[in-house]
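**Q** After the structure tokens below, expect a handful of questions from me.
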Amino acid sequence: MVNLTIDGRAASVAEGTSILDAAASVGIKIPTLCYLRELNEIGACRICVVEIEGIDQLVAACNNTVLEGMVVRTNSPKVRVARRMNMELLLATHDSECTSCVRSGNCTLQTLANDLGISDLPYEKRLMHDPWDMSFPLIRNNDKCVNCLRCVQVCEKVQGLGVWDLANRAIHTSVNVRGGVPITESDCTLCGQCITHCPTGALRERDDTARVFDALADPEKVVVVQIAPAVRAAWGEQLGLPREEATVGRLVAALRQMGVDYVFDTDFSADLTIMEEGSELLRKLGEKSSAPEGAPALPMFTSCCPGWVRYAKAVRPEFVDQLSTSKSPGQMFGAIAKSYYAELMGIDPHRIFCVEVMPCTAKKAEVAIPTMNDACGDPDVDVSITTREVCRMIRAEHIDAKTLPEEDFDQPLGTATGAGVIFGATGGVMEAALRTAYHIVTGKTPEPDAFSDVRGLDGWKEATFDLAGTPVRVAVVSGLANAGKLLDALAAGEVSYDFVEVMACPGGCAGGGGQPIHDGQELAGVRGDVLWGLDRKAELRNSYENPAIQAVYRDYLGEPLSERAEELLHTDHHSWHLPVEAHV
Amino acid sequence: MARMHVMEQSESQAIMSSMHEMLGKRLSVSSLAPCPVEFTASYVAMCATQSCGKCTPCRNGLRMLRHLFNDVLNNRATMETLDLIESTARTVYLSSDCAIGYEAGEVALMAIRGFRDDFEHHVTKHACGFTQSQLVPCVSGCPAGVDIPGYIALVEAGRYTEAVRLIRKDNPLPLVCGLVCEHPCEMHCRRGMVDDPMNIRGLKRYAVEHAGDYRPNIKPATGKRVAVIGGGPAGLSCAYYLTLMGHKVTIFEQRAHLGGMLRYGIPNYRLPREQLDSEIQWILDCGIDVEKNHSVDGAEMERLRADYDAVYLAIGAHADKKLGLPGEDAEGVISAVELLRDMGDDNPPNFSGLHVAVVGGGNVAMDVARTSVRLGAEKVVIAYRRRVVDMTAQDEEIAGAQAEGCEVMDLHAPKEVVVGEDNHVVGLKVTPQIIGGLKRGRPAPRPAEGGDVVVKADRVIVAIGQDIDSATFEEQGVPCKWGRIVTDPDGAVPGQDGLFSGGDCQSGPATVIRAINAGKVAAGNIDNYLGFNHKIELDVELPPVQFKGKISCARCEMREREASERIYDFDIVENGLTDEEAHQEASRCLRCDHFGFGAFRGGRIEQW
């Protein structure tokens, strides 16, 4: 143990402890801005500087460790001056238009500036005004960037991509797209992790709420909203609702209050995805022995994560043929809503305005894929909004979600099983698929937790399950850096699998880039637990048991992988191109 | 009113002087990754501060250039801006009234023409196109990329064996480099901004001298066999890393001993033979086979290529260059290569009472001059056609030679070897020179008025560079240019499957550390060629970083044995740092691996 004094308090901490953690251990909170534990410990912002007795210059508390006998002061006159002035220097190049900023009230920079009591700036504002393509689903405003470099780190270390880099040097240093190319030509997967790790409003999703409000105002439109699994585990956070009160029923009620015509559940179409993807897997497993040399069909990769699909297309095109052709649950929903459901209700499908609420930013690009129009020629899903956007809509409508009674989903596209809800957590798609595959192969109902070995927050999990005598080797990865490692290992022949689930965001959609932002906290685990809890409590836990799914096959699709199912629920990943694919 | 005043320095003049001194220090620490546009903009702005303001091009031209550069940096420029910068710079150069203006114009002109691509990248992409990131200065200055802050921290912590272990991750010859490395790392040392650069070589030597033994981890045998032709620093480095990766290496060495130029080029008083041999033996003990006295020509190389899975050609540059002057074939005219080779084979000639004239101004010239002194020469003269400051030899080598009594006859170009009746050299005729203008960066001398001089000489030693014996390989289809073996950047010889080359035979005569880098790079790429991807990894835990703040402390230099004593033996001249000096020196390191950009990126390369 190392003994030291911080602001007159004696501290005793393990060797190698940072000054920041040592201070926290004795109840002293040193403010930080750029710091993100294990991800960005670079001493860049100089907000966490402290004074160490005997040393003239100040030291960053975040990435310097304690020494025996050290005497630290976190609020000496020197520290006070430097910390405040560094904040003023950051504000001098920050566009503080807080009243029209999506991060107002949830902005680390704003909080720190307020905490420090800054009311006048000694410097004239000097902003860079770097232009940006505002039609892209990811928006970067250089004038709000404080160069903390978290986005660079999360993209490089967690997602293995490196879309962001330092453009320019010296006093003109700023973050921008690597190589100076437009963001549209980068291999950005739109995972949104840079957004959820940004301490300011420099990075955000494109706001599509106005399009939803416009549709609600249009009497010709029948507005149909679907709510993705992971949204229900997080939406209350942004509105100050405790987790147990922030049920999906309250969210349904809030959307109806806004004027939405029908509120449905993406869990329903997740069950549908399982029927298709599970059948596809079994078909591929059956073809395994007869597959021609040099045409690897296995492992089959899940395709419900659009960030992952973009990654595969942009970075590892050699694996695209191994993606499941099944559309994502959101897209399946749209295709069913504008075909089966429209027929069922006798509505002209062109009048249906299909909105999806997603924990995801990549979905905004997915809904715009030109070939996702299989139901009636219009886009199957018209607009995709994030959890954050739906919360902003609720606030804009002055709806007090807390006081709303819980309401049920509309039917029939509101019936789902526990298998559908776990789509929102890493390992969930895999587990849901295996439950149904087991039933298809054996005719038996699986034990509820027979495939639980793929749960948990490890970035790369693997297991082998017995499917009626056939061993099925599966792997689950989340975080694209982990996906990249898995693909490398596959290419090198170091590993071999039959089925691989990939989710771009660490922890799966629960930790999605469209979820509410809590600086310094990773909430994928807590939110995932909510979803696993919903599965545990569900009456039905297997997709094939879902009566609404049974009905849609009986009345409309026939059977999984039928011609109509292929037409509506499957897609060709080669039918559209990312700009980067042109020069791959 | 007094008629004149005695000049006194005012307080502000004193501050200005010390600011100039600090600026000099900052500039002497070559910044490794400046944006060319940023650098030019500030440079030209600095030049502008010296303008007296009288003439238009200097006053207004430099002012406009400053604004134009800022437009580029602030994304306000177009391609027309770049044309305007060029024509403005040209006008400042052509028409300024004094050097303050026209030299500034030339700098701006050189930049806009030389960095045109970088300027255009800023204009079109609004980003700097200069890709090198700001790595740790010393590490990126070191061709082998040795983890210098890491081993200095270990020296500071008294963990010398681990320091050596860390060095060997990137450089298998720490002892050799501790004694003779040209230490390009020190040139970039950020400590130089504060007071003086770190004495990095001194600390390396100290670590080696205080380390205990250990053995490296060797990966499981792959069954692959690699032949290394030439046992110099490049060959040894390549052999060492390939062996760690599990491949079986045999070194084929033309001479009786390994070491290449380390043995046959560097005298014992700089690199003691016994120590060199022990370091080489340590490497060989990893399981490397050696065939000494095995000369490899082109045909033999082809046989090795057929027999081995890969071949590394590292034959060095051991052929002597001729002066091309009359009398050169006379008896008593020898090449530096010849003399140092005899020394390496423990076959020293006797120069007792002789007059020796050395031709050349590089380190080798100093080596043969100082060797001649130790061989008993009565007088040693070093004839060089430029000035002492223009010599390529390191300053300490020149000073060492002079301290040992060698006379440096600069600005004297050899014209003829004067031959006596018995066809033996009796002198060296030299023509006095006057220094002239810069030619390709170096001042060119030309004959001065006045007559030639004859220097009495019983021996003339020619030390004007080495060539490469590559003809025999060229005949087998190995591509060569100016005698140098041509390779791709990865060390592979184009068109010759499985043949790699590096070191002096590829780069031309260069430094030990560059040869080590070549061997290391080849080892990694040969490993991949053989179908593997073994990693050489950091296997030492580093002590935590301690922020010490700015404490002024100058650099400890190594001292030398007294000249009057050392000229009588071949024992090592330089004394290592004392314990006290080494610990003080190690504590000066600013730890750029942790502070500054290193905390974000490039602070530590954990494996290669």
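Chain identifiers are assigned as A, B, and so on, following the order in which chains appear in the structure tokens; residues are numbered from 1 within each chain, and ligands are numbered from 1 in order of appearance.
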Please provide the set of residues having any atom within 8 Å of A:Glu276, restricted to only C-alpha atoms, with same-chain residues fewer than 2 positions apart removed, written as a ChimeraX atom specification.
**A** /A:272-274,278-280,326,560-561,569
**Q** Convert the current residue selection to file output with N, CA and C atoms, as a JSON list (two decimals), in the first residue's frame.
**A**
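Dumped to part.json:
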[["chain", "number", "residue", "atom", "x", "y", "z"],
["A", 272, "LEU", "N", -40.13, -13.36, -35.63],
["A", 272, "LEU", "CA", -40.22, -13.71, -37.05],
["A", 272, "LEU", "C", -38.82, -13.93, -37.63],
["A", 273, "THR", "N", -37.91, -13.05, -37.23],
["A", 273, "THR", "CA", -36.51, -13.19, -37.67],
["A", 273, "THR", "C", -35.96, -14.55, -37.28],
["A", 274, "ILE", "N", -36.29, -14.96, -36.06],
["A", 274, "ILE", "CA", -35.79, -16.25, -35.58],
["A", 274, "ILE", "C", -36.31, -17.39, -36.45],
["A", 278, "GLY", "N", -33.31, -18.97, -38.13],
["A", 278, "GLY", "CA", -33.12, -20.31, -37.58],
["A", 278, "GLY", "C", -33.26, -21.36, -38.69],
["A", 279, "SER", "N", -34.26, -21.17, -39.55],
["A", 279, "SER", "CA", -34.46, -22.12, -40.64],
["A", 279, "SER", "C", -33.30, -22.06, -41.63],
["A", 280, "GLU", "N", -32.84, -20.84, -41.85],
["A", 280, "GLU", "CA", -31.70, -20.64, -42.76],
["A", 280, "GLU", "C", -30.46, -21.36, -42.22],
["A", 326, "SER", "N", -31.54, -12.96, -43.89],
["A", 326, "SER", "CA", -32.71, -12.45, -43.18],
["A", 326, "SER", "C", -32.54, -10.97, -42.89],
["A", 560, "PRO", "N", -41.48, -20.76, -43.11],
["A", 560, "PRO", "CA", -40.20, -20.07, -43.20],
["A", 560, "PRO", "C", -39.48, -20.41, -44.50],
["A", 561, "LEU", "N", -38.85, -19.42, -45.09],
["A", 561, "LEU", "CA", -38.10, -19.54, -46.34],
["A", 561, "LEU", "C", -38.99, -19.83, -47.55],
["A", 569, "LEU", "N", -38.96, -10.93, -46.48],
["A", 569, "LEU", "CA", -38.19, -10.94, -45.23],
["A", 569, "LEU", "C", -36.70, -11.16, -45.43]]
**Q** Could I get the residues of chain A with an atom no further than 7 Å from an atom of chain B, each paired with its nearest atom pair and that distance in Å to one decimal, using only C-alpha atoms, sorted by chain and residue number, as a tab-separated table?
**A**
residue	atom	partner	partner_atom	distance
A:Gly16	CA	B:Pro544	CA	6.9
A:Ile42	CA	B:Ala599	CA	5.0
A:Ile55	CA	B:Gly549	CA	5.4
A:Asp56	CA	B:Gly549	CA	6.3
A:Gln57	CA	B:Gly549	CA	5.7
A:Ala167	CA	B:Ala127	CA	4.9
A:Asn168	CA	B:Cys128	CA	4.5
A:Arg169	CA	B:Cys35	CA	6.0
A:Gly179	CA	B:Gly129	CA	6.9
A:Gly180	CA	B:Lys125	CA	5.0
A:Val181	CA	B:Lys125	CA	6.7
**Q** Take the residues just selected and output them with N, CA, C and O atoms as a PDB file, in the first residue's frame.
**A**
ATOM      1  N   GLY A  16       0.256   1.871  -7.783  1.00  0.00           N
ATOM      2  CA  GLY A  16      -0.252   1.960  -9.147  1.00  0.00           C
ATOM      3  C   GLY A  16      -1.607   2.633  -9.246  1.00  0.00           C
ATOM      4  O   GLY A  16      -2.136   2.806 -10.343  1.00  0.00           O
ATOM      5  N   ILE A  42      -5.332  10.173 -20.913  1.00  0.00           N
ATOM      6  CA  ILE A  42      -4.253  10.805 -21.674  1.00  0.00           C
ATOM      7  C   ILE A  42      -3.869  12.181 -21.156  1.00  0.00           C
ATOM      8  O   ILE A  42      -2.973  12.807 -21.697  1.00  0.00           O
ATOM      9  N   ILE A  55       6.690  20.184  -6.288  1.00  0.00           N
ATOM     10  CA  ILE A  55       6.773  20.278  -7.746  1.00  0.00           C
ATOM     11  C   ILE A  55       6.072  21.555  -8.187  1.00  0.00           C
ATOM     12  O   ILE A  55       4.950  21.823  -7.786  1.00  0.00           O
ATOM     13  N   ASP A  56       6.787  22.341  -8.989  1.00  0.00           N
ATOM     14  CA  ASP A  56       6.244  23.633  -9.387  1.00  0.00           C
ATOM     15  C   ASP A  56       5.029  23.472 -10.294  1.00  0.00           C
ATOM     16  O   ASP A  56       4.019  24.147 -10.146  1.00  0.00           O
ATOM     17  N   GLN A  57       5.140  22.538 -11.257  1.00  0.00           N
ATOM     18  CA  GLN A  57       4.047  22.420 -12.224  1.00  0.00           C
ATOM     19  C   GLN A  57       2.967  21.467 -11.742  1.00  0.00           C
ATOM     20  O   GLN A  57       3.222  20.585 -10.922  1.00  0.00           O
ATOM     21  N   ALA A 167      -6.941  15.771 -37.332  1.00  0.00           N
ATOM     22  CA  ALA A 167      -6.663  16.451 -38.588  1.00  0.00           C
ATOM     23  C   ALA A 167      -5.898  17.703 -38.197  1.00  0.00           C
ATOM     24  O   ALA A 167      -6.223  18.335 -37.206  1.00  0.00           O
ATOM     25  N   ASN A 168      -4.922  18.040 -38.953  1.00  0.00           N
ATOM     26  CA  ASN A 168      -4.111  19.226 -38.685  1.00  0.00           C
ATOM     27  C   ASN A 168      -3.292  19.081 -37.407  1.00  0.00           C
ATOM     28  O   ASN A 168      -3.485  18.152 -36.631  1.00  0.00           O
ATOM     29  N   ARG A 169      -2.389  20.017 -37.263  1.00  0.00           N
ATOM     30  CA  ARG A 169      -1.424  19.914 -36.162  1.00  0.00           C
ATOM     31  C   ARG A 169      -1.390  21.220 -35.392  1.00  0.00           C
ATOM     32  O   ARG A 169      -2.027  22.194 -35.757  1.00  0.00           O
ATOM     33  N   GLY A 179      -7.771  11.020 -42.714  1.00  0.00           N
ATOM     34  CA  GLY A 179      -7.389  11.201 -44.117  1.00  0.00           C
ATOM     35  C   GLY A 179      -8.082  12.356 -44.798  1.00  0.00           C
ATOM     36  O   GLY A 179      -7.873  12.590 -45.981  1.00  0.00           O
ATOM     37  N   GLY A 180      -8.914  13.084 -44.034  1.00  0.00           N
ATOM     38  CA  GLY A 180      -9.568  14.253 -44.624  1.00  0.00           C
ATOM     39  C   GLY A 180     -10.663  13.926 -45.622  1.00  0.00           C
ATOM     40  O   GLY A 180     -11.119  14.796 -46.346  1.00  0.00           O
ATOM     41  N   VAL A 181     -11.113  12.667 -45.663  1.00  0.00           N
ATOM     42  CA  VAL A 181     -12.198  12.331 -46.605  1.00  0.00           C
ATOM     43  C   VAL A 181     -13.539  12.712 -45.985  1.00  0.00           C
ATOM     44  O   VAL A 181     -13.656  12.828 -44.768  1.00  0.00           O
TER      45      VAL A 181
END
**Q** Would you list the contacts of A:Gly249 as a list of chain:residue names, taking every protein, DNA or RNA residue within 6 Å and counting only C-alpha atoms, but skipping same-chain residues closer than 6 positions in sequence?
**A**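 Neighbouring residues, sequence-local ones excluded: A:Glu406, A:Glu407, A:Asp408.
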**Q** At a cut-off of 12 Å, using only C-alpha atoms, what residues contact A:Arg564? Leave out same-chain residues fewer than 3 positions from it and give the result as a list in words.
**A** Glu276, Ala335, Ile336, Ser339, Tyr340, Asp374, Ala375, Val552, Tyr553, Asp555, Tyr556, Leu557, Gly558, Glu559, Pro560, Leu561, Glu567, Leu568, Leu569 and His570 of chain A
**Q** Could you list, as a list in words, every residue within 10 Å of B:Gly498, counting only C-alpha atoms and ignoring same-chain residues fewer than 6 positions away?
**A** Val226, Arg305, Ala306, Tyr308, Asp309, Ala310, Val311, Tyr312, Ala492, Ile526, Tyr529 and Leu530 of chain B
**Q** Please report, as a PyMOL selection string, each residue of stretch 258-501 of chain A to which DSSP assigns alpha helix (DSSP H) when run on this structure's backbone.
**A** chain A and resi 258+266-287+306-315+329-336+342-345+363-366+387-396+418-421+428-442+480-491
**Q** Between atom CA of A:Gly484 and atom CA of A:Leu166, what is the spacing in Å?
**A**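 Atom-to-atom, atom CA of A:Leu166 and atom CA of A:Gly484 are spaced 23.1 Å apart.
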